[in-house]
>>> print(open('entry11.cif').read())   # mmCIF, C-alpha atoms and all ligand atoms
data_model
#
loop_
_atom_site.label_atom_id
_atom_site.label_comp_id
_atom_site.auth_asym_id
_atom_site.auth_seq_id
_atom_site.Cartn_x
_atom_site.Cartn_y
_atom_site.Cartn_z
CA MET X 1 -12.64 63.65 -59.24
CA GLU X 2 -10.92 62.12 -56.21
CA PRO X 3 -7.70 60.52 -57.54
CA PRO X 4 -7.42 56.78 -56.92
CA LYS X 5 -4.74 55.51 -54.54
CA PHE X 6 -2.38 52.78 -55.67
CA LEU X 7 -0.33 49.91 -54.35
CA ALA X 8 2.39 48.70 -56.74
CA ASP X 9 3.74 45.17 -56.37
CA HIS X 10 7.45 44.36 -56.00
CA MET X 11 8.06 44.28 -59.74
CA ASN X 12 6.77 47.80 -60.24
CA GLY X 13 8.93 50.08 -58.12
CA ASP X 14 9.63 52.27 -61.16
CA ILE X 15 5.89 52.63 -61.79
CA ALA X 16 5.41 53.63 -58.14
CA ARG X 17 8.07 56.33 -58.46
CA TRP X 18 6.49 57.78 -61.60
CA LEU X 19 2.97 57.71 -60.19
CA ARG X 20 4.34 59.67 -57.21
CA ILE X 21 6.06 62.20 -59.49
CA MET X 22 2.68 62.64 -61.20
CA GLY X 23 1.11 63.24 -57.79
CA PHE X 24 -0.65 59.94 -57.18
CA ASP X 25 -0.61 58.32 -53.76
CA CYS X 26 1.18 55.04 -54.51
CA GLU X 27 2.48 52.80 -51.76
CA TYR X 28 5.16 50.19 -52.32
CA PRO X 29 5.31 47.12 -50.09
CA PRO X 30 8.29 46.29 -47.87
CA PRO X 31 10.58 43.67 -49.47
CA ALA X 32 9.29 40.83 -47.29
CA ALA X 33 5.59 41.50 -47.95
CA THR X 34 3.69 38.49 -49.29
CA ASP X 35 0.97 38.61 -51.95
CA ASP X 36 -1.59 38.12 -49.16
CA GLU X 37 -0.26 41.13 -47.29
CA ILE X 38 -0.31 43.22 -50.47
CA LEU X 39 -3.95 42.32 -51.09
CA THR X 40 -4.91 42.95 -47.48
CA GLN X 41 -3.30 46.39 -47.53
CA ALA X 42 -4.99 47.26 -50.83
CA GLU X 43 -8.34 46.21 -49.36
CA ARG X 44 -7.85 48.08 -46.08
CA GLU X 45 -6.71 51.31 -47.74
CA SER X 46 -8.89 51.10 -50.88
CA ARG X 47 -5.93 51.00 -53.23
CA VAL X 48 -5.76 49.90 -56.85
CA VAL X 49 -3.26 47.03 -57.18
CA ILE X 50 -0.63 47.55 -59.89
CA THR X 51 0.91 44.24 -60.84
CA SER X 52 2.68 42.36 -63.64
CA ASP X 53 1.73 39.03 -62.10
CA ARG X 54 -1.34 37.40 -63.65
CA GLU X 55 -1.93 35.27 -60.57
CA LEU X 56 -1.86 38.26 -58.20
CA TYR X 57 -4.10 40.18 -60.59
CA SER X 58 -6.70 37.38 -60.65
CA ARG X 59 -6.61 37.05 -56.88
CA ALA X 60 -7.13 40.80 -56.49
CA ARG X 61 -10.11 40.72 -58.86
CA ARG X 62 -11.63 37.73 -57.07
CA ARG X 63 -11.46 39.70 -53.83
CA GLY X 64 -13.34 42.52 -55.50
CA LEU X 65 -10.32 44.80 -55.63
CA ASN X 66 -9.59 47.16 -58.45
CA ALA X 67 -6.38 46.11 -60.19
CA VAL X 68 -4.36 46.86 -63.32
CA LEU X 69 -2.32 44.13 -65.00
CA LEU X 70 0.78 45.46 -66.74
CA VAL X 71 2.47 43.59 -69.56
CA ASP X 72 6.06 44.19 -70.62
CA ALA X 73 6.18 47.56 -72.39
CA PRO X 74 8.05 50.86 -72.22
CA LEU X 75 7.44 52.72 -68.98
CA GLU X 76 5.44 55.55 -70.52
CA GLN X 77 3.05 53.06 -72.13
CA LYS X 78 2.51 51.28 -68.82
CA ILE X 79 1.71 54.52 -67.03
CA ALA X 80 -0.63 55.57 -69.83
CA LYS X 81 -2.38 52.19 -69.64
CA ILE X 82 -3.02 52.66 -65.91
CA LEU X 83 -4.61 56.08 -66.48
CA LYS X 84 -6.68 54.83 -69.42
CA ASP X 85 -7.85 51.61 -67.74
CA LEU X 86 -9.15 53.65 -64.81
CA HIS X 87 -10.52 56.44 -67.03
CA ILE X 88 -8.53 59.07 -65.18
CA GLU X 89 -6.63 60.62 -68.11
CA THR X 90 -8.10 64.00 -67.16
CA LEU X 91 -6.15 63.90 -63.89
CA TYR X 92 -2.89 63.96 -65.84
CA GLY X 93 -0.94 67.09 -64.93
CA THR X 94 -3.41 68.25 -62.27
CA LEU X 95 -1.82 66.81 -59.12
CA SER X 96 1.15 67.99 -57.06
CA PRO X 97 4.17 65.66 -57.00
CA ARG X 98 4.72 63.45 -53.96
CA CYS X 99 7.99 62.19 -52.50
CA THR X 100 9.49 59.55 -54.81
CA ALA X 101 11.30 57.95 -51.88
CA CYS X 102 8.43 57.45 -49.43
CA ASN X 103 5.16 58.65 -51.03
CA GLY X 104 4.81 61.52 -48.53
CA GLU X 105 3.24 64.84 -49.43
CA LEU X 106 5.56 67.72 -50.29
CA GLU X 107 5.43 71.17 -48.73
CA ARG X 108 6.99 74.40 -49.95
CA VAL X 109 9.75 75.68 -47.69
CA HIS X 110 11.93 78.75 -47.80
CA THR X 111 15.53 77.88 -48.57
CA LEU X 112 16.63 79.89 -45.52
CA ASP X 113 14.74 77.42 -43.33
CA VAL X 114 16.77 74.47 -44.69
CA ARG X 115 20.04 76.27 -45.41
CA ASP X 116 22.12 73.84 -43.34
CA GLN X 117 21.03 71.02 -45.67
CA LEU X 118 21.54 72.82 -48.98
CA PRO X 119 24.61 73.46 -51.14
CA LYS X 120 25.38 77.21 -51.30
CA LYS X 121 24.79 77.25 -55.05
CA LEU X 122 21.15 76.26 -54.56
CA MET X 123 20.64 79.00 -52.00
CA ARG X 124 21.51 81.48 -54.71
CA THR X 125 19.29 79.83 -57.34
CA PHE X 126 16.10 79.17 -55.40
CA ARG X 127 14.13 81.06 -52.81
CA TYR X 128 11.71 78.19 -52.20
CA ILE X 129 12.08 74.44 -52.61
CA HIS X 130 9.94 71.46 -51.62
CA ARG X 131 10.33 69.19 -48.62
CA CYS X 132 8.69 65.82 -47.93
CA LYS X 133 6.45 66.09 -44.88
CA ARG X 134 7.12 62.44 -44.03
CA CYS X 135 10.86 61.83 -44.57
CA GLY X 136 12.24 65.36 -44.94
CA ARG X 137 13.85 64.80 -48.33
CA LEU X 138 14.33 68.03 -50.27
CA TYR X 139 13.29 68.58 -53.89
CA TRP X 140 14.17 71.24 -56.41
CA GLU X 141 14.17 71.51 -60.17
CA GLY X 142 17.69 70.23 -60.72
CA THR X 143 19.53 69.00 -63.78
CA HIS X 144 17.49 65.78 -63.91
CA TRP X 145 14.34 67.86 -64.33
CA LYS X 146 14.68 67.89 -68.13
CA ASN X 147 14.61 64.08 -68.21
CA ILE X 148 11.55 64.01 -65.99
CA LYS X 149 9.74 66.46 -68.26
CA GLU X 150 10.69 64.37 -71.28
CA THR X 151 9.23 61.19 -69.76
CA LEU X 152 6.07 63.05 -68.72
CA ARG X 153 5.73 64.31 -72.27
CA LYS X 154 6.00 60.73 -73.57
CA ILE X 155 3.36 59.58 -71.11
CA ALA X 156 1.04 62.36 -72.28
CA SER X 157 1.57 61.37 -75.92
CA ASN X 158 0.38 57.84 -75.10
CA LEU X 159 -2.88 59.00 -73.53
ZN ZN C 1 9.55 61.31 -48.27
#
>>> encode(input="entry11.cif", output="structure tokens")
Amino acid sequence: MEPPKFLADHMNGDIARWLRIMGFDCEYPPPAATDDEILTQAERESRVVITSDRELYSRARRRGLNAVLLVDAPLEQKIAKILKDLHIETLYGTLSPRCTACNGELERVHTLDVRDQLPKKLMRTFRYIHRCKRCGRLYWEGTHWKNIKETLRKIASNL
């Protein structure tokens, strides 16, 4: 199944970050983007609109766009709702993480190739890490990894 692509509205930056961690292509509009611009981008790039705004949701649906309306709930429940609404629960855990900062794809790089950007300690711990193809940000399984795993586990338990 081809995973859907997403466009989160301004209120859902945290959702965008988590969808990216889970490997979904989720764009986030620039701060000045209007609702019209958000809908136009979603239409042009065939993206599912993620919004907490009833009005924006209705407008998206009237334009024939796929959209998910999120109500106030814990993060893991919101993410689970998105997967369930779109019937893509089976994609959970199957995709490679994307850059949380810019939504770029990650590539595996040898630590020697990025040694000038890495603390020495990491050079000793890892032989390979991941780098965003778009913005160059580096990723490794650091101390925050346990928290990420914990949230992913909560998401899975809501599916
Ligand atoms: Zn990036």
>>> closest_residue(input="entry11.cif", among="X:Arg98, X:Lys149, X:Arg20, X:His87", to="Cys135 of chain X", atoms="all atoms listed in the file")
X:Arg98
>>> closest_atom_pairs(input="entry11.cif", of="chain X", to="ligand ZN 1 (chain C)", cutoff="8 Å", atoms="only C-alpha atoms and all ligand atoms", output="Markdown table")
| residue | atom | partner | partner_atom | distance |
| --- | --- | --- | --- | --- |
| X:Arg98 | CA | C:ZN1 | ZN | 7.8 |
| X:Cys99 | CA | C:ZN1 | ZN | 4.6 |
| X:Thr100 | CA | C:ZN1 | ZN | 6.8 |
| X:Ala101 | CA | C:ZN1 | ZN | 5.2 |
| X:Cys102 | CA | C:ZN1 | ZN | 4.2 |
| X:Asn103 | CA | C:ZN1 | ZN | 5.8 |
| X:Gly104 | CA | C:ZN1 | ZN | 4.8 |
| X:Glu105 | CA | C:ZN1 | ZN | 7.3 |
| X:Leu106 | CA | C:ZN1 | ZN | 7.8 |
| X:Arg131 | CA | C:ZN1 | ZN | 7.9 |
| X:Cys132 | CA | C:ZN1 | ZN | 4.6 |
| X:Lys133 | CA | C:ZN1 | ZN | 6.6 |
| X:Arg134 | CA | C:ZN1 | ZN | 5.0 |
| X:Cys135 | CA | C:ZN1 | ZN | 4.0 |
| X:Gly136 | CA | C:ZN1 | ZN | 5.9 |
| X:Arg137 | CA | C:ZN1 | ZN | 5.5 |
>>> residues_around(input="entry11.cif", residues="segment 49-56 of chain X", least_positions_apart="5", cutoff="8 Å", atoms="all atoms listed in the file", output="number ranges by chain")
X: 6-9, 11-12, 35, 39, 42, 65-72
>>> atom_distance(input="entry11.cif", atom1="atom CA of Lys154 of chain X", atom2="atom CA of Lys78 of chain X")
11.1 Å
>>> closest_residue(input="entry11.cif", among="X:Ile38, X:Ala33, X:Leu19, X:Leu95", to="Ile82 of chain X", atoms="only C-alpha atoms")
X:Leu19
>>> axis_aligned_box(input="entry11.cif", around="segment 16-27 of chain X", padding_each_side="5 Å", output="lines of an AutoDock Vina configuration file")
center_x = 3.7
center_y = 58.0
center_z = -56.7
size_x = 18.7
size_y = 20.4
size_z = 19.8
>>> residues_around(input="entry11.cif", residues="His130 of chain X", least_positions_apart="5", cutoff="6 Å", atoms="all atoms listed in the file", output="list in words")
Leu106, Glu107, Arg108, Val109, Leu138 and Tyr139 of chain X
>>> write_last_selection(input="entry11.cif", atoms="C-alpha atoms", output="PDB file, in the frame of the given file")
ATOM      1  CA  LEU X 106       5.560  67.720 -50.290  1.00  0.00           C
ATOM      2  CA  GLU X 107       5.430  71.170 -48.730  1.00  0.00           C
ATOM      3  CA  ARG X 108       6.990  74.400 -49.950  1.00  0.00           C
ATOM      4  CA  VAL X 109       9.750  75.680 -47.690  1.00  0.00           C
ATOM      5  CA  LEU X 138      14.330  68.030 -50.270  1.00  0.00           C
ATOM      6  CA  TYR X 139      13.290  68.580 -53.890  1.00  0.00           C
TER       7      TYR X 139
END
>>> closest_residue(input="entry11.cif", among="X:Arg44, X:Lys120, X:Lys5, X:Arg59", to="Asp25 of chain X", atoms="only C-alpha atoms")
X:Lys5
>>> closest_residue(input="entry11.cif", among="X:Leu152, X:Ile129, X:Ala73, X:Asp36", to="Tyr57 of chain X", atoms="all atoms listed in the file")
X:Asp36
>>> atom_distance(input="entry11.cif", atom1="atom CA of Asp14 of chain X", atom2="atom CA of Thr125 of chain X")
29.5 Å
>>> residues_near_point(input="entry11.cif", point="(5.5, 53.6, -70.5)", cutoff="9 Å", atoms="all atoms listed in the file", output="list in words")
Ile15, Ala73, Pro74, Leu75, Glu76, Gln77, Lys78, Ile79, Ala80, Lys81, Thr151, Lys154, Ile155 and Asn158 of chain X
>>> residues_near_point(input="entry11.cif", point="(18.4, 75.5, -44.0)", cutoff="12 Å", atoms="all atoms listed in the file", output="list in words")
Val109, His110, Thr111, Leu112, Asp113, Val114, Arg115, Asp116, Gln117, Leu118, Pro119, Lys120, Leu122, Met123, Arg127, Tyr128, Ile129, Arg131, Gly136 and Leu138 of chain X
>>> write_last_selection(input="entry11.cif", atoms="C-alpha atoms", output="short mmCIF file (atom, residue, chain, number, x, y, z; two decimals), keeping the file's coordinate frame")
data_model
loop_
_atom_site.label_atom_id
_atom_site.label_comp_id
_atom_site.auth_asym_id
_atom_site.auth_seq_id
_atom_site.Cartn_x
_atom_site.Cartn_y
_atom_site.Cartn_z
CA VAL X 109 9.75 75.68 -47.69
CA HIS X 110 11.93 78.75 -47.80
CA THR X 111 15.53 77.88 -48.57
CA LEU X 112 16.63 79.89 -45.52
CA ASP X 113 14.74 77.42 -43.33
CA VAL X 114 16.77 74.47 -44.69
CA ARG X 115 20.04 76.27 -45.41
CA ASP X 116 22.12 73.84 -43.34
CA GLN X 117 21.03 71.02 -45.67
CA LEU X 118 21.54 72.82 -48.98
CA PRO X 119 24.61 73.46 -51.14
CA LYS X 120 25.38 77.21 -51.30
CA LEU X 122 21.15 76.26 -54.56
CA MET X 123 20.64 79.00 -52.00
CA ARG X 127 14.13 81.06 -52.81
CA TYR X 128 11.71 78.19 -52.20
CA ILE X 129 12.08 74.44 -52.61
CA ARG X 131 10.33 69.19 -48.62
CA GLY X 136 12.24 65.36 -44.94
CA LEU X 138 14.33 68.03 -50.27
#
>>> atom_distance(input="entry11.cif", atom1="atom CA of Glu43 of chain X", atom2="atom CA of Asp85 of chain X")
19.2 Å
>>> closest_residue(input="entry11.cif", among="X:Gln41, X:Asn147, X:Thr34, X:Thr90", to="Pro3 of chain X", atoms="all atoms listed in the file")
X:Thr90
